Structure formats: C-alpha cells, structure tokens
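Have a look at the structure below before the remarks.
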Amino acid sequence: MSKKRGLSLEEKREQMLQIFYESQDFFLLKELEKLSPKKGVISQSVKDVVQSLVDDDLVLKDKIGTSVYFWSLPSCAGNQLRNTRSKLESDLSSSRNRFAELIEQRDNLKKGREESDEREVALVELKAVELQHNKLKEELACYVDNDPAAVEQMKVAIEVAHSAANRWTDNIFTLQQWCSTNFPQAKEQLEHLYKEVGITDDLEYLQ
C-alpha cells in the first residue's frame with residue numbers, strides 16, 4: 001500500500017484558512033495546533049503556515065495581554081485579492097505606457113537614418129576616418145617618451161628615487177655605526193655579513 005502524500009504548503013494554507021472561515025472565531029496558536037490535524041495539517045507545521053498567512057495579510061493577529069490571537073474572515077481574503085488585482089492593473093498600465101514611450105523613441109531615432117546610397121557612403125567614410133584616427137593614436141604612442149608631460153613625470157620619479165636611495169644609504173650607515181658601537185667584538189663577523197648582502201666599502205651617497 002502506497003504511503004499517503006503529505007500536503008503542500010499551499011494546500012496547508014488553504015486548510016488553515018478553512019478553520020478560520022468555518023468558525024469565524026479568534027484562536028490561540030495552541031488551539032490551532034489542536035484543530036489542524038482534522039484538516040490534514042500536522043501540528044508541528046502550524047506556526048510556519050499561519051505566519052505565512054499573516055505575512056500575506058490573509059490572517060490577522062494581535063496581542064491581548066500576554067496572549068497572541070489569530071483570526072481571519074472571508075472578507076480578508078477578498079480585500080487582499082482586490083488589493084493585489086489593483087496593484088497588478090496599475091503595474092500593467094505603467095508597463096503599457098512605458099512600452100508606448102519606447103516605441104515612440106525608436107521611431108524618432110529611425111528618422112533620418114533610413115537606408116540610402118548616401119547613408120551607405122557616409123558610413124564607409126566614417127569607418128575610414130575611425131581607422132585613420134586609431135592609426136594616428138598608435139603612431140603617437142611611439143613618441144610618448146618625447147612627450148613634455150611624460151618627461152616631466154620621469155624627472156619627478158627620478159628625484160623621488162634619488163632621495164629614497166640616499167635615505168636608505170643613510171640608514172645603512174647608521175645601522176653599521178650602531179652595530180660597531182654595541183658589538184665591537186663581532187667586527188669581523190659584521191664585515192663578512194655586510195659583504196654577503198652587497199654592502200661594500202665603495203657604498204656612497206648619490207650626488
């Protein structure tokens with residue numbers, strides 16, 4: 001014997017609404033959980049199902065004292081459907097107006113762009129001008145090293161690099177002096193270390 005199929009969420013929502021519509025009364029969540037099995041809805045799912053109905057304005061809830069009551073009348077669903085229909089009709093009207101505007105814009109853009117021999121010639125000339133423009137841009141890029149602005153940028157970069165090199169040279173001399181003062185007994189080891197990392201006797205500031 002095949003296992004009975006459980007209700008879908010939409011079917012559970014419909015069955016829970018029937019509880020409200022048939023009684024037209026107010027319910028606590030616990031009361032709904034007791035009544036729901038009679039409609040084929042397991043009590044464990046009642047909370048989520050009822051909340052989904054509340055979210056869609058099909059069920060109303062209010063807190064009275066420490067208790068939360070739920071209720072719904074057939075008119076609630078009717079009002080909700082009417083509101084949905086009104087919104088959809090408004091959206092449809094807006095979409096139709098926008099579509100008409102786009103059609104008008106398209107037709108206006110087509111004016112003066114009708115296919116003709118003159119238009120074809122103009123397009124060919126435009127393509128040739130674009131190709132020539134791109135070619136000149138490529139040639140100009142070959143002379144960028146002689147661009148005054150580029151040369152000026154290189155001068156600034158050289159000055160920054162020159163200053164940084166002398167600053168690091170000064171830091172090296174300072175570090176050597178500090179090591180010599182604090183570790184005089186390791187003079188030979190330090191000199192060997194300097195040579196390994198490329199610090200030789202001819203290290204000088206850049207002029």
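Ordered as shown in the structure tokens, chains take letters A, B, and onward, while each chain numbers its residues from 1 and ligands are numbered from 1 in the order shown.
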May I have all residues of chain A that DSSP, computed from the backbone, assigns to strand (DSSP E), given as a PyMOL selection string? chain A and resi 27-28+60-64+67-71
Suppose we keep C-alpha atoms; can you now write the selection as a short mmCIF file (atom, residue, chain, number, x, y, z; two decimals), in the first residue's frame?
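Dumped everything to result39.cif:
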```
data_model
loop_
_atom_site.label_atom_id
_atom_site.label_comp_id
_atom_site.auth_asym_id
_atom_site.auth_seq_id
_atom_site.Cartn_x
_atom_site.Cartn_y
_atom_site.Cartn_z
CA PHE A 27 -7.67 31.41 18.10
CA LEU A 28 -4.50 30.99 20.07
CA LEU A 60 -4.61 38.95 11.21
CA LYS A 61 -3.00 38.72 14.63
CA ASP A 62 -2.96 40.87 17.72
CA LYS A 63 -1.51 40.62 21.20
CA ILE A 64 -4.00 40.91 24.03
CA SER A 67 -1.61 36.09 24.55
CA VAL A 68 -1.44 36.38 20.75
CA TYR A 69 -4.72 35.81 18.91
CA PHE A 70 -5.20 34.99 15.25
CA TRP A 71 -8.30 35.46 13.14
#
```
Using only C-alpha atoms, which residues sit within 9 Å of Val59 in chain A once same-chain residues fewer than 6 positions away are excluded, as an NGL selection string? :A and (17 or 20 or 50-53 or 70-73 or 76-77)
Keeping only C-alpha atoms, write the selected residues to a file as a PDB file, in the first residue's frame.
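The file below, result-v4.pdb, is the result:
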```
ATOM      1  CA  LEU A  17      -7.861  29.287   6.256  1.00  0.00           C
ATOM      2  CA  PHE A  20     -10.846  30.424  10.352  1.00  0.00           C
ATOM      3  CA  VAL A  50      -0.031  30.621   9.953  1.00  0.00           C
ATOM      4  CA  GLN A  51       2.900  33.046   9.853  1.00  0.00           C
ATOM      5  CA  SER A  52       2.984  32.813   6.051  1.00  0.00           C
ATOM      6  CA  LEU A  53      -0.717  33.688   6.012  1.00  0.00           C
ATOM      7  CA  PHE A  70      -5.197  34.989  15.249  1.00  0.00           C
ATOM      8  CA  TRP A  71      -8.303  35.461  13.144  1.00  0.00           C
ATOM      9  CA  SER A  72      -9.452  35.729   9.566  1.00  0.00           C
ATOM     10  CA  LEU A  73     -12.743  36.341   7.789  1.00  0.00           C
ATOM     11  CA  CYS A  76      -9.954  39.476   4.469  1.00  0.00           C
ATOM     12  CA  ALA A  77      -9.068  37.272   1.520  1.00  0.00           C
TER      13      ALA A  77
END
```
For each of A:Phe99, A:Tyr143, A:Trp168, A:Phe26, take the minimum atom-to-atom distance to Glu204 in chain A, counting only C-alpha atoms, then give the residue where this is smallest. A:Trp168
Of the candidates A:Leu140, A:Leu88, A:Leu58, A:Val156, which shows the shortest atom-to-atom distance to Glu14 in chain A, using only C-alpha atoms?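 Once distances to Glu14 in chain A are computed over only C-alpha atoms, the minimum belongs to A:Leu58.
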Excluding same-chain residues fewer than 4 positions from Ser8 in chain A, what lies within 12 Å of it counting only C-alpha atoms, as a list in words?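 Those residues are Lys12, Arg13, Glu14, Gln15, Gly40, Val41, Ile42, Ser45 and Val49 of chain A.
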Writing out the chosen residues with N, CA and C atoms as a PDB file, in the first residue's frame:
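Output (selection.pdb):
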```pdb
ATOM      1  N   LYS A  12      -1.726  23.359   2.730  1.00  0.00           N
ATOM      2  CA  LYS A  12      -1.802  23.594   4.181  1.00  0.00           C
ATOM      3  C   LYS A  12      -2.388  24.971   4.474  1.00  0.00           C
ATOM      4  N   ARG A  13      -1.985  25.961   3.680  1.00  0.00           N
ATOM      5  CA  ARG A  13      -2.513  27.313   3.866  1.00  0.00           C
ATOM      6  C   ARG A  13      -4.033  27.336   3.644  1.00  0.00           C
ATOM      7  N   GLU A  14      -4.478  26.643   2.604  1.00  0.00           N
ATOM      8  CA  GLU A  14      -5.909  26.604   2.304  1.00  0.00           C
ATOM      9  C   GLU A  14      -6.690  25.927   3.431  1.00  0.00           C
ATOM     10  N   GLN A  15      -6.156  24.839   3.962  1.00  0.00           N
ATOM     11  CA  GLN A  15      -6.835  24.124   5.042  1.00  0.00           C
ATOM     12  C   GLN A  15      -6.885  24.947   6.322  1.00  0.00           C
ATOM     13  N   GLY A  40      -5.767  17.739   8.149  1.00  0.00           N
ATOM     14  CA  GLY A  40      -4.635  17.086   7.497  1.00  0.00           C
ATOM     15  C   GLY A  40      -3.328  17.835   7.614  1.00  0.00           C
ATOM     16  N   VAL A  41      -3.281  18.827   8.523  1.00  0.00           N
ATOM     17  CA  VAL A  41      -2.066  19.624   8.712  1.00  0.00           C
ATOM     18  C   VAL A  41      -1.455  19.232  10.057  1.00  0.00           C
ATOM     19  N   ILE A  42      -0.221  18.740  10.047  1.00  0.00           N
ATOM     20  CA  ILE A  42       0.414  18.329  11.292  1.00  0.00           C
ATOM     21  C   ILE A  42       0.660  19.551  12.169  1.00  0.00           C
ATOM     22  N   SER A  45       3.764  22.015  11.936  1.00  0.00           N
ATOM     23  CA  SER A  45       3.924  22.967  10.839  1.00  0.00           C
ATOM     24  C   SER A  45       2.967  24.148  10.934  1.00  0.00           C
ATOM     25  N   VAL A  49       2.986  27.876   8.870  1.00  0.00           N
ATOM     26  CA  VAL A  49       1.906  28.073   7.905  1.00  0.00           C
ATOM     27  C   VAL A  49       1.103  29.324   8.251  1.00  0.00           C
TER      28      VAL A  49
END
```
